[in-house]
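Heads up, run34.txt below (compact mmCIF, C-alpha atoms):
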# COMPACT_ATOMS: atom_id res chain seq x y z
CA MET A 1 9.32 16.44 138.28
CA LYS A 2 8.90 14.88 134.83
CA HIS A 3 11.53 17.28 133.46
CA HIS A 4 13.95 16.24 136.20
CA LEU A 5 13.38 12.56 135.49
CA ARG A 6 13.93 13.15 131.77
CA LEU A 7 17.21 14.93 132.51
CA ALA A 8 18.30 12.14 134.85
CA ALA A 9 17.45 9.60 132.18
CA CYS A 10 19.64 11.44 129.68
CA LEU A 11 22.47 11.50 132.22
CA ALA A 12 22.00 7.78 132.73
CA VAL A 13 22.51 7.11 129.04
CA VAL A 14 25.62 9.30 128.93
CA SER A 15 26.98 7.63 132.06
CA LEU A 16 26.35 4.15 130.66
CA VAL A 17 28.08 4.97 127.39
CA SER A 18 31.12 6.64 128.98
CA THR A 19 31.57 3.87 131.56
CA ALA A 20 31.25 1.14 128.94
CA SER A 21 33.77 2.94 126.73
CA ALA A 22 36.25 3.23 129.60
CA GLN A 23 36.03 -0.50 130.22
CA LEU A 24 36.85 -1.49 126.64
CA ILE A 25 40.30 -2.99 126.20
CA THR A 26 42.96 -1.36 124.07
CA TYR A 27 45.08 -4.04 122.41
CA VAL A 28 48.78 -3.31 121.78
CA ASP A 29 50.73 -5.62 119.50
CA ALA A 30 54.16 -6.74 120.73
CA THR A 31 56.87 -5.50 118.35
CA ASP A 32 60.61 -6.09 118.23
CA GLY A 33 63.63 -4.17 116.99
CA VAL A 34 65.15 -0.83 118.00
CA ALA A 35 61.82 1.00 117.58
CA GLY A 36 59.73 -1.82 119.02
CA ASN A 37 57.90 -1.88 122.34
CA THR A 38 59.42 -5.21 123.37
CA ALA A 39 62.94 -5.67 124.72
CA ILE A 40 65.03 -8.21 126.58
CA ALA A 41 64.11 -8.01 130.27
CA PRO A 42 66.69 -6.47 132.65
CA SER A 43 66.98 -9.76 134.54
CA ALA A 44 68.04 -11.41 131.26
CA GLY A 45 70.66 -8.76 130.48
CA GLY A 46 68.47 -6.10 128.89
CA GLY A 47 68.91 -4.64 125.42
CA VAL A 48 67.20 -4.67 122.05
CA PHE A 49 65.14 -7.73 121.22
CA THR A 50 64.96 -8.97 117.64
CA GLY A 51 63.02 -12.08 116.73
CA ILE A 52 64.80 -14.47 114.40
CA PRO A 53 63.32 -16.15 111.30
CA GLN A 54 61.42 -19.31 112.17
CA SER A 55 63.95 -21.86 113.43
CA ASN A 56 63.88 -25.51 114.38
CA THR A 57 66.74 -25.51 116.87
CA ALA A 58 65.77 -26.79 120.31
CA ASN A 59 66.82 -24.81 123.38
CA ASP A 60 68.50 -22.04 121.39
CA GLY A 61 67.31 -19.42 123.89
CA LEU A 62 65.73 -17.39 121.09
CA TRP A 63 62.25 -16.31 120.04
CA ASP A 64 61.17 -17.02 116.46
CA LEU A 65 59.20 -14.45 114.50
CA ARG A 66 56.20 -16.15 112.90
CA ALA A 67 53.61 -14.72 110.50
CA PHE A 68 50.47 -15.32 112.51
CA GLY A 69 47.92 -13.52 114.67
CA ASN A 70 47.44 -9.78 115.01
CA SER A 71 49.59 -7.72 112.64
CA ALA A 72 50.71 -11.12 111.28
CA THR A 73 53.44 -11.37 113.94
CA ILE A 74 53.78 -13.60 116.96
CA PHE A 75 56.88 -14.68 118.85
CA GLN A 76 57.21 -18.43 119.47
CA ASN A 77 59.73 -20.13 121.72
CA ALA A 78 59.92 -23.38 119.70
CA GLY A 79 59.67 -24.18 116.00
CA THR A 80 57.64 -26.90 114.35
CA THR A 81 60.24 -29.62 114.79
CA ALA A 82 62.12 -28.18 117.76
CA ASN A 83 59.86 -29.59 120.42
CA VAL A 84 61.25 -27.69 123.40
CA ASP A 85 62.88 -24.40 124.31
CA THR A 86 63.17 -24.05 128.06
CA ASN A 87 65.56 -21.10 128.03
CA ALA A 88 64.11 -18.55 125.59
CA VAL A 89 65.17 -15.18 126.98
CA ARG A 90 62.67 -13.30 129.18
CA LEU A 91 61.04 -10.36 127.37
CA VAL A 92 59.36 -7.17 128.50
CA THR A 93 56.72 -5.21 126.57
CA SER A 94 56.20 -1.62 127.70
CA VAL A 95 53.33 0.78 127.05
CA GLY A 96 53.64 4.47 127.91
CA GLY A 97 52.12 7.87 127.24
CA LEU A 98 48.77 7.05 128.86
CA SER A 99 46.72 9.46 130.92
CA LEU A 100 47.28 9.15 134.67
CA ASN A 101 44.83 6.48 135.74
CA THR A 102 44.40 3.00 137.18
CA TYR A 103 44.37 0.29 134.52
CA ASN A 104 43.49 -3.37 134.24
CA VAL A 105 46.42 -5.00 132.44
CA TYR A 106 46.40 -8.11 130.22
CA VAL A 107 48.72 -10.31 128.16
CA TYR A 108 47.64 -12.11 124.98
CA PHE A 109 48.87 -15.47 123.72
CA TRP A 110 47.65 -18.24 121.45
CA THR A 111 46.67 -21.87 121.86
CA ASP A 112 45.42 -24.62 119.58
CA ASN A 113 42.74 -27.14 120.54
CA SER A 114 45.08 -28.30 123.30
CA PRO A 115 44.48 -26.46 126.58
CA THR A 116 48.14 -26.63 127.56
CA TRP A 117 49.83 -23.93 125.45
CA ARG A 118 50.95 -21.39 128.02
CA ILE A 119 52.77 -18.21 128.92
CA GLY A 120 54.73 -17.04 131.92
CA ALA A 121 53.79 -13.43 132.64
CA SER A 122 54.02 -10.86 135.44
CA LEU A 123 54.07 -7.15 136.18
CA SER A 124 57.44 -7.60 137.90
CA ASP A 125 60.79 -8.96 136.71
CA SER A 126 60.96 -11.40 139.59
CA VAL A 127 63.44 -14.20 140.14
CA GLY A 128 62.44 -17.69 138.98
CA GLN A 129 59.63 -18.88 136.77
CA LEU A 130 56.96 -16.26 136.13
CA THR A 131 53.38 -17.29 136.89
CA LEU A 132 52.17 -19.62 134.13
CA TYR A 133 48.78 -19.11 132.45
CA GLN A 134 46.95 -21.48 130.13
CA GLY A 135 43.42 -22.11 128.91
CA GLY A 136 40.99 -22.97 131.68
CA ASN A 137 42.98 -21.19 134.40
CA ALA A 138 41.35 -18.56 136.61
CA GLY A 139 41.79 -15.16 135.01
CA VAL A 140 42.27 -16.58 131.49
CA THR A 141 39.65 -15.74 128.86
CA GLN A 142 39.06 -17.40 125.49
CA PHE A 143 36.95 -15.12 123.33
CA TYR A 144 36.00 -17.46 120.49
CA THR A 145 34.97 -21.13 120.76
CA GLY A 146 33.32 -21.69 117.38
CA ALA A 147 34.42 -23.54 114.26
CA ASP A 148 37.94 -23.07 112.88
CA ALA A 149 38.14 -19.77 111.01
CA THR A 150 39.77 -16.37 111.00
CA VAL A 151 37.63 -14.33 113.39
CA LEU A 152 37.86 -10.71 114.55
CA SER A 153 36.45 -9.54 117.86
CA THR A 154 33.97 -7.35 115.95
CA ALA A 155 32.16 -10.58 115.00
CA LEU A 156 31.53 -11.47 118.65
CA ALA A 157 28.21 -10.75 120.31
CA GLN A 158 29.99 -7.97 122.18
CA ASN A 159 33.40 -6.66 121.17
CA PRO A 160 35.52 -6.27 124.36
CA PHE A 161 38.15 -4.24 122.50
CA THR A 162 38.32 -0.70 121.15
CA THR A 163 39.16 -2.09 117.69
CA GLY A 164 38.82 -5.33 115.80
CA VAL A 165 41.28 -7.83 117.31
CA MET A 166 41.91 -11.26 115.80
CA VAL A 167 40.62 -13.85 118.28
CA GLY A 168 40.66 -16.92 116.05
CA GLU A 169 42.84 -18.08 113.15
CA GLY A 170 42.56 -21.60 111.79
CA ASN A 171 42.49 -23.98 114.75
CA ARG A 172 44.19 -21.43 117.04
CA ARG A 173 42.44 -19.26 119.60
CA LEU A 174 43.57 -16.06 121.30
CA LEU A 175 43.73 -16.20 125.09
CA GLN A 176 43.78 -13.27 127.51
CA ALA A 177 45.42 -13.50 130.94
CA SER A 178 44.52 -10.84 133.49
CA LEU A 179 47.63 -9.68 135.37
CA GLY A 180 46.06 -7.19 137.79
CA THR A 181 46.03 -3.42 137.93
CA VAL A 182 48.60 -0.64 137.70
CA THR A 183 48.31 3.07 138.47
CA GLY A 184 50.31 5.53 136.41
CA THR A 185 50.91 6.64 132.83
CA GLY A 186 52.24 3.32 131.58
CA PHE A 187 53.18 -0.23 132.47
CA SER A 188 55.53 -3.09 131.59
CA ILE A 189 54.69 -6.78 131.26
CA PHE A 190 57.38 -9.43 131.59
CA MET A 191 56.92 -12.62 129.57
CA GLU A 192 58.62 -15.98 129.09
CA GLY A 193 57.91 -19.60 128.28
CA ASP A 194 57.63 -22.57 130.61
CA ARG A 195 61.12 -23.32 131.95
CA LEU A 196 60.06 -26.94 132.47
CA MET A 197 58.60 -27.33 128.97
CA THR A 198 58.74 -30.95 127.81
CA GLY A 199 56.96 -30.79 124.44
CA GLN A 200 55.17 -28.62 121.88
CA MET A 201 51.89 -28.85 123.76
CA GLN A 202 53.48 -26.50 126.31
CA ARG A 203 54.77 -23.97 123.79
CA THR A 204 54.38 -20.19 124.00
CA TRP A 205 53.08 -17.89 121.26
CA ILE A 206 53.19 -14.23 122.35
CA ASP A 207 50.95 -11.78 120.50
CA GLY A 208 50.59 -8.60 122.58
CA VAL A 209 49.32 -6.82 125.68
CA GLY A 210 46.29 -4.73 126.56
CA TYR A 211 44.76 -2.38 129.09
CA SER A 212 41.45 -0.85 130.16
CA ILE A 213 40.62 1.93 132.60
CA VAL A 214 39.33 0.88 136.00
CA PRO A 215 36.19 2.99 136.68
CA GLU A 216 36.54 5.29 139.69
CA PRO A 217 34.22 4.59 142.65
CA ALA A 218 32.52 7.94 142.08
CA SER A 219 31.83 7.01 138.47
CA ALA A 220 30.39 3.68 139.57
CA ALA A 221 28.14 5.44 142.10
CA LEU A 222 26.99 7.92 139.46
CA LEU A 223 26.25 5.04 137.14
CA GLY A 224 24.10 3.39 139.80
CA LEU A 225 22.14 6.57 140.45
CA SER A 226 21.72 7.21 136.74
CA VAL A 227 20.41 3.72 136.13
CA ALA A 228 17.92 4.14 138.97
CA ALA A 229 16.77 7.41 137.43
CA LEU A 230 16.43 5.79 134.02
CA VAL A 231 14.30 2.99 135.47
CA ALA A 232 12.09 5.52 137.28
CA PHE A 233 11.67 7.55 134.10
CA ARG A 234 10.67 4.51 132.08
CA ARG A 235 8.17 3.35 134.70
CA ARG A 236 6.61 6.82 134.88
CA ASN A 237 6.07 6.81 131.13
CA GLU A 238 4.63 3.29 130.83
Represent the structure of the file as structure tokens.
Amino acid sequence: MKHHLRLAACLAVVSLVSTASAQLITYVDATDGVAGNTAIAPSAGGGVFTGIPQSNTANDGLWDLRAFGNSATIFQNAGTTANVDTNAVRLVTSVGGLSLNTYNVYVYFWTDNSPTWRIGASLSDSVGQLTLYQGGNAGVTQFYTGADATVLSTALAQNPFTTGVMVGEGNRRLLQASLGTVTGTGFSIFMEGDRLMTGQMQRTWIDGVGYSIVPEPASAALLGLSVAALVAFRRRNE
């Protein structure tokens, strides 16, 4: 009996580790150009997307490439003096080559100490304004709330990512919006700014996307049984 409990305890540890690993998020930086993973959305005409050097032209319909965030690249819909850009073209970032599975899918964008920086994002290229997400909304996560600094996710109490992801830079903070689940070997996320933007406090800074495997029900059940076995083993040896 003791041998069986010891074996079950070992299985519990393996199950805990594998399940935790499956739930970690893989971050994918949004990139432009011919070889990039981000393009102009079909509803906006499709084609290659190339960010322009930082501009200060309001409502030019373009995304500026700015040296900030992960891989030192984000796409912003309005420059420092161009307060609004309500018509920046809709983009789509695609991730492929994954194993067949069901995935939680996320989009990542930045905010400053204002809670109103936002992003329109969806798993479908639907007509009209995409659902807007901003800090404090349901399904939106801010990882770092400490003093202004450059902070990687590896410095958090628990790193939710498979690698070190920048979650703070200066007075900016990375936000994660949960977009739901997809089943398959890849996914596409459609992104845009606020079409009713009235000032810079409603701007959009796109950084990237992410995904994590949704544990199968059988795996969850095994995890529960393994944990029970681990508890029983520890109690027997106290």
What does the distance from CA of Gln142 (chain A) to CA of Glu169 (chain A) come to in Å, to one decimal?
-> 12.9 Å
Counting all atoms listed in the file, what is within 10 Å of Ile206 (chain A), bar same-chain residues fewer than 4 positions away, as a PDB file with C-alpha atoms, keeping the file's coordinate frame?
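Final output, saved to selection33.pdb:
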ATOM      1  CA  ASP A  29      50.730  -5.620 119.500  1.00  0.00           C
ATOM      2  CA  ALA A  30      54.160  -6.740 120.730  1.00  0.00           C
ATOM      3  CA  TRP A  63      62.250 -16.310 120.040  1.00  0.00           C
ATOM      4  CA  LEU A  65      59.200 -14.450 114.500  1.00  0.00           C
ATOM      5  CA  GLY A  69      47.920 -13.520 114.670  1.00  0.00           C
ATOM      6  CA  THR A  73      53.440 -11.370 113.940  1.00  0.00           C
ATOM      7  CA  ILE A  74      53.780 -13.600 116.960  1.00  0.00           C
ATOM      8  CA  PHE A  75      56.880 -14.680 118.850  1.00  0.00           C
ATOM      9  CA  GLN A  76      57.210 -18.430 119.470  1.00  0.00           C
ATOM     10  CA  ASN A  77      59.730 -20.130 121.720  1.00  0.00           C
ATOM     11  CA  VAL A 107      48.720 -10.310 128.160  1.00  0.00           C
ATOM     12  CA  TYR A 108      47.640 -12.110 124.980  1.00  0.00           C
ATOM     13  CA  PHE A 109      48.870 -15.470 123.720  1.00  0.00           C
ATOM     14  CA  TRP A 110      47.650 -18.240 121.450  1.00  0.00           C
ATOM     15  CA  ARG A 118      50.950 -21.390 128.020  1.00  0.00           C
ATOM     16  CA  ILE A 119      52.770 -18.210 128.920  1.00  0.00           C
ATOM     17  CA  LEU A 174      43.570 -16.060 121.300  1.00  0.00           C
ATOM     18  CA  MET A 191      56.920 -12.620 129.570  1.00  0.00           C
ATOM     19  CA  GLU A 192      58.620 -15.980 129.090  1.00  0.00           C
ATOM     20  CA  GLY A 193      57.910 -19.600 128.280  1.00  0.00           C
TER      21      GLY A 193
END
Leu98 (chain A): which residues within 10 Å, counting all atoms listed in the file, same-chain residues fewer than 4 positions away excluded, as a PyMOL selection string?
-> chain A and resi 103+184-187
Between CA of Ala44 (chain A) and CA of Arg66 (chain A), measure the distance and give it in Å to one decimal.
->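 So the two atoms, CA of Ala44 (chain A) and CA of Arg66 (chain A), lie 22.4 Å apart.
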Near region 177-180 of chain A, within 6 Å and counting only C-alpha atoms, which residues show up once chain neighbours fewer than 5 positions away are dropped, as a list in words?
->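 Counting only C-alpha atoms, the residues come to Asn104, Val105, Tyr106, Val107, Gly139 and Val140 of chain A.
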By how many Å are CA of Pro217 (chain A) and CA of Asn101 (chain A) apart?
->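 One can read the CA of Pro217 (chain A) to CA of Asn101 (chain A) distance as 12.8 Å.
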Thr163 (chain A) surroundings by only C-alpha atoms, 12 Å radius, close-in-sequence under 6 positions cut, as a PyMOL selection string = chain A and resi 21+24-28+70+152-155+210
Taking (65.5, -16.1, 119.9) in the file's own coordinates, collect the residues within 10 Å, counting all atoms listed in the file, and hand them back as an MDAnalysis selection string.
-> chainID A and resid 49:55 57 59:65 75:78 85 87:89
